[in-house]
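*Asks:* Would you mind keeping the following structure in view while I ask a few things?
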Amino acid sequence: MTFKEGEGMGHHTRKDVLHTFQMNFFAMSLLNTFPWDASKTLQHALNALRNYLRLFVQLITYELLDILQKTCLHPICLKNPPYLKYTIRFLTELIKRHKMFAAEPLDVLYEALGEVMCAQEEDMCYKTYLLPTGDAVSLAENVALISQGTTGLVTWEAALYLSEWALENTHIFKNKTVLELGSGIGLIGIVVCRSSSLTKYIFSDCHQTVLQRLKDNIKNCLTNCDSNRTSVCVEELDWENVSDEQLQEYRPAPSLLLSRLLNCKVQEEHPDVYIASTVRNPQTYDCLKTELGRFHIINNILFCYTVDVKLFPYNRASTIEMIKIYV
């Protein structure tokens, strides 16, 4: 079957055109012999597809630009930048995804990548956590999990978990004095102070570098925050050498973490003690609970406590267990 020039679907049915395509294809005919212009439907479809693809590319571009503005070009990122290599990987991924749909490069992506690649890499970076109010908590952290002989310069999953729990249970902390043992870089305490009506919050740790980083984060997130009205302080507290006098001075109720302080007696009202642990080694965790039993402590285990709203990104496949202890 042949088509005269200018002849289209008005003279031949769509079935005839499709049959010609099939016949020519299987016979490996020259492509210029195919009735490309015979199908007005095909032409309309191709034109519609071109317009759709053009619109689709525009939508993809706008979406990537919005993502860029909400991440790498956001004022929070410019003031408190994440780890340099992480930002480079992120921008590279945006460029890769843009290339999948657009032929023309997006200059703003390459400009952002160029600026980041010219920056100097450091051992410290910032991780920012967004609260339900929309406020941001930006913490200076070390890139390495273990550095300067401590693991206290990073935020751990259990801290994120316990922070979410605290945000859902702000009433527990109303008019309370809280002593946190092993505050690290301060996420839990900063979140509690920003969300609850506390009387006082006492951060504590024993590593000098951690204490300095903790003070810096508190200054950035609490001291300079107009909405914070809680009295806060940072104490150097060695878990192995705590005295009854120190406990009387702190009078914690409740306390967010636990160690050998349980061996000291509090003469006034007994504190509520909360522990959140990522159970990486069940045997080690069982040893902790056995140690608690030596102090004749009644504890209520909230196993795999699930928060109603997932606020912070972390590995939720990990087993995290909360314990409330009645001393």
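Letters for chains follow the order of the structure tokens (A, B, ...), residue numbers begin at 1 for each chain, and ligand numbers begin at 1 in the order shown.
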Can you tell me which residues surround stretch 92-104 of chain A at a distance of at most 10 Å, considering only C-alpha atoms, apart from same-chain residues fewer than 5 positions away, and format the answer as a ChimeraX atom specification?
*Replies:* /A:53-54,56-58,60-61,63-65,67-68,86-87,109-110,113
*Asks:* Can you tell me how far atom CA of A:Cys233 sits from atom CA of A:Met322, in Å to one decimal?
*Replies:*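 Taking atom CA of A:Cys233 and atom CA of A:Met322, their separation equals 25.6 Å.
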*Asks:* Report as a Markdown table: every residue of stretch 165-235 of chain A with an atom at most 10 Å from stretch 120-134 of chain A, its closest pair of atoms, and their distance in Å to one decimal, counting only C-alpha atoms, with rows sorted by chain and ascending residue number.
*Replies:*
| residue | atom | partner | partner_atom | distance |
| --- | --- | --- | --- | --- |
| A:Leu167 | CA | A:Pro132 | CA | 8.7 |
| A:Leu187 | CA | A:Tyr129 | CA | 9.0 |
| A:Val191 | CA | A:Leu131 | CA | 8.0 |
| A:Arg194 | CA | A:Leu131 | CA | 9.0 |
| A:Ser195 | CA | A:Leu131 | CA | 8.8 |
*Asks:* Would you write out, as a Markdown table, a table of all residues in stretch 180-244 of chain A that have an atom no more than 10 Å from an atom of stretch 159-164 of chain A, listing for each the closest atom pair and the distance in Å to one decimal, considering only C-alpha atoms and ordering rows by chain and rising residue number?
*Replies:*
| residue | atom | partner | partner_atom | distance |
| --- | --- | --- | --- | --- |
| A:Ser183 | CA | A:Ala159 | CA | 9.3 |
| A:Gly184 | CA | A:Ala159 | CA | 9.6 |
| A:Gly186 | CA | A:Ala159 | CA | 9.1 |
| A:Leu187 | CA | A:Ala159 | CA | 6.9 |
| A:Ile188 | CA | A:Ser163 | CA | 5.2 |
| A:Gly189 | CA | A:Ser163 | CA | 8.3 |
| A:Ile190 | CA | A:Ser163 | CA | 9.2 |
| A:Val191 | CA | A:Ser163 | CA | 6.5 |
| A:Val192 | CA | A:Ser163 | CA | 7.3 |
*Asks:* Stretch 55-186 of chain A: which residues are strand (DSSP E) by DSSP, as a list in words?
*Replies:* Met124, Cys125, Tyr126, Lys127, Thr128, Tyr129, Leu130, Ala136, Val137, Ser138, Leu139, Ala140, Glu141, Asn142, Thr177, Val178, Leu179 and Glu180 of chain A
*Asks:* Using all heavy atoms, can you write the selected residues to a file as a compact mmCIF listing (two decimals), in the first residue's frame?
*Replies:*
# COMPACT_ATOMS: atom_id res chain seq x y z
N MET A 124 34.02 19.78 61.55
CA MET A 124 32.75 20.11 62.18
C MET A 124 31.74 20.53 61.12
O MET A 124 32.10 21.12 60.10
CB MET A 124 32.94 21.24 63.20
CG MET A 124 31.72 21.50 64.06
SD MET A 124 31.85 23.06 64.97
CE MET A 124 31.49 24.25 63.66
N CYS A 125 30.48 20.21 61.36
CA CYS A 125 29.41 20.64 60.47
C CYS A 125 28.19 20.96 61.33
O CYS A 125 28.25 20.89 62.56
CB CYS A 125 29.08 19.54 59.45
SG CYS A 125 28.42 18.03 60.21
N TYR A 126 27.10 21.30 60.69
CA TYR A 126 25.85 21.58 61.41
C TYR A 126 24.76 20.63 60.93
O TYR A 126 24.61 20.39 59.74
CB TYR A 126 25.39 23.02 61.18
CG TYR A 126 26.20 24.05 61.92
CD1 TYR A 126 27.34 24.61 61.34
CD2 TYR A 126 25.84 24.46 63.20
CE1 TYR A 126 28.09 25.56 62.01
CE2 TYR A 126 26.60 25.40 63.88
CZ TYR A 126 27.71 25.94 63.28
OH TYR A 126 28.46 26.88 63.96
N LYS A 127 24.01 20.11 61.89
CA LYS A 127 22.78 19.40 61.59
C LYS A 127 21.63 20.23 62.17
O LYS A 127 21.72 20.68 63.31
CB LYS A 127 22.77 17.99 62.19
CG LYS A 127 23.66 17.01 61.44
CD LYS A 127 23.47 15.61 61.97
CE LYS A 127 24.35 14.61 61.21
NZ LYS A 127 24.18 13.23 61.71
N THR A 128 20.61 20.40 61.37
CA THR A 128 19.48 21.24 61.78
C THR A 128 18.22 20.40 61.89
O THR A 128 17.90 19.63 60.98
CB THR A 128 19.27 22.39 60.77
OG1 THR A 128 20.45 23.21 60.75
CG2 THR A 128 18.08 23.24 61.16
N TYR A 129 17.50 20.58 63.00
CA TYR A 129 16.27 19.83 63.25
C TYR A 129 15.12 20.84 63.36
O TYR A 129 15.21 21.82 64.10
CB TYR A 129 16.40 19.01 64.53
CG TYR A 129 17.61 18.08 64.48
CD1 TYR A 129 18.81 18.44 65.07
CD2 TYR A 129 17.53 16.86 63.83
CE1 TYR A 129 19.91 17.60 65.02
CE2 TYR A 129 18.63 16.02 63.76
CZ TYR A 129 19.81 16.39 64.36
OH TYR A 129 20.91 15.57 64.29
N LEU A 130 14.05 20.60 62.61
CA LEU A 130 12.91 21.51 62.56
C LEU A 130 11.86 21.08 63.57
O LEU A 130 11.40 19.93 63.56
CB LEU A 130 12.32 21.54 61.15
CG LEU A 130 13.29 21.98 60.05
CD1 LEU A 130 12.59 21.96 58.69
CD2 LEU A 130 13.88 23.35 60.33
N ALA A 136 13.98 26.28 64.03
CA ALA A 136 15.08 25.38 63.70
C ALA A 136 16.07 25.30 64.85
O ALA A 136 16.38 26.31 65.49
CB ALA A 136 15.78 25.85 62.44
N VAL A 137 16.53 24.08 65.12
CA VAL A 137 17.59 23.86 66.10
C VAL A 137 18.81 23.40 65.33
O VAL A 137 18.86 22.27 64.83
CB VAL A 137 17.18 22.81 67.15
CG1 VAL A 137 18.35 22.48 68.06
CG2 VAL A 137 15.99 23.30 67.97
N SER A 138 19.80 24.27 65.20
CA SER A 138 21.02 23.95 64.47
C SER A 138 22.14 23.65 65.45
O SER A 138 22.51 24.51 66.26
CB SER A 138 21.42 25.11 63.55
OG SER A 138 20.47 25.31 62.54
N LEU A 139 22.67 22.44 65.37
CA LEU A 139 23.70 21.99 66.31
C LEU A 139 25.02 21.77 65.59
O LEU A 139 25.07 21.13 64.53
CB LEU A 139 23.27 20.69 66.99
CG LEU A 139 21.96 20.72 67.77
CD1 LEU A 139 21.66 19.33 68.33
CD2 LEU A 139 22.00 21.74 68.88
N ALA A 140 26.08 22.30 66.18
CA ALA A 140 27.41 22.02 65.67
C ALA A 140 27.81 20.62 66.10
O ALA A 140 27.79 20.29 67.29
CB ALA A 140 28.40 23.05 66.22
N GLU A 141 28.14 19.77 65.14
CA GLU A 141 28.50 18.38 65.41
C GLU A 141 29.82 18.06 64.71
O GLU A 141 30.18 18.70 63.74
CB GLU A 141 27.42 17.41 64.92
CG GLU A 141 26.04 17.66 65.48
CD GLU A 141 25.10 16.50 65.18
OE1 GLU A 141 25.57 15.47 64.65
OE2 GLU A 141 23.91 16.62 65.48
N ASN A 142 30.47 17.02 65.17
CA ASN A 142 31.63 16.51 64.45
C ASN A 142 31.18 15.57 63.36
O ASN A 142 30.14 14.90 63.47
CB ASN A 142 32.59 15.80 65.42
CG ASN A 142 33.60 16.77 66.01
OD1 ASN A 142 33.29 17.93 66.25
ND2 ASN A 142 34.81 16.29 66.25
N THR A 177 12.49 20.92 87.52
CA THR A 177 13.93 21.06 87.32
C THR A 177 14.43 19.76 86.74
O THR A 177 14.15 18.68 87.28
CB THR A 177 14.65 21.35 88.65
OG1 THR A 177 14.22 22.61 89.14
CG2 THR A 177 16.16 21.37 88.44
N VAL A 178 15.15 19.83 85.65
CA VAL A 178 15.60 18.64 84.93
C VAL A 178 17.12 18.58 84.95
O VAL A 178 17.80 19.57 84.64
CB VAL A 178 15.10 18.63 83.47
CG1 VAL A 178 15.65 17.42 82.73
CG2 VAL A 178 13.57 18.62 83.45
N LEU A 179 17.64 17.44 85.33
CA LEU A 179 19.07 17.16 85.22
C LEU A 179 19.27 16.12 84.14
O LEU A 179 18.73 15.01 84.24
CB LEU A 179 19.63 16.66 86.55
CG LEU A 179 21.05 16.07 86.50
CD1 LEU A 179 22.06 17.14 86.09
CD2 LEU A 179 21.42 15.46 87.85
N GLU A 180 20.03 16.45 83.12
CA GLU A 180 20.33 15.50 82.06
C GLU A 180 21.77 15.04 82.19
O GLU A 180 22.69 15.87 82.25
CB GLU A 180 20.13 16.13 80.69
CG GLU A 180 20.41 15.14 79.55
CD GLU A 180 20.33 15.79 78.18
OE1 GLU A 180 20.15 17.02 78.09
OE2 GLU A 180 20.48 15.04 77.19
*Asks:* What's the 9 Å shell around A:Met117, counting only C-alpha atoms, without same-chain residues fewer than 3 positions away, as a list of chain:residue names?
*Replies:*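 Non-adjacent residues within range: A:Leu84, A:Lys85, A:Ile88, A:Ala112, A:Leu113, A:Gly114, A:Gln120.
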*Asks:* Could you work out how far atom CA of A:Thr209 lies from atom CA of A:Cys72, giving the answer in Å with one decimal?
*Replies:*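 It comes out at 28.9 Å.
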*Asks:* Between atom CA of A:Asp66 and atom CA of A:Pro81, what is the distance in Å, rounded to a tenth?
*Replies:* 18.2 Å
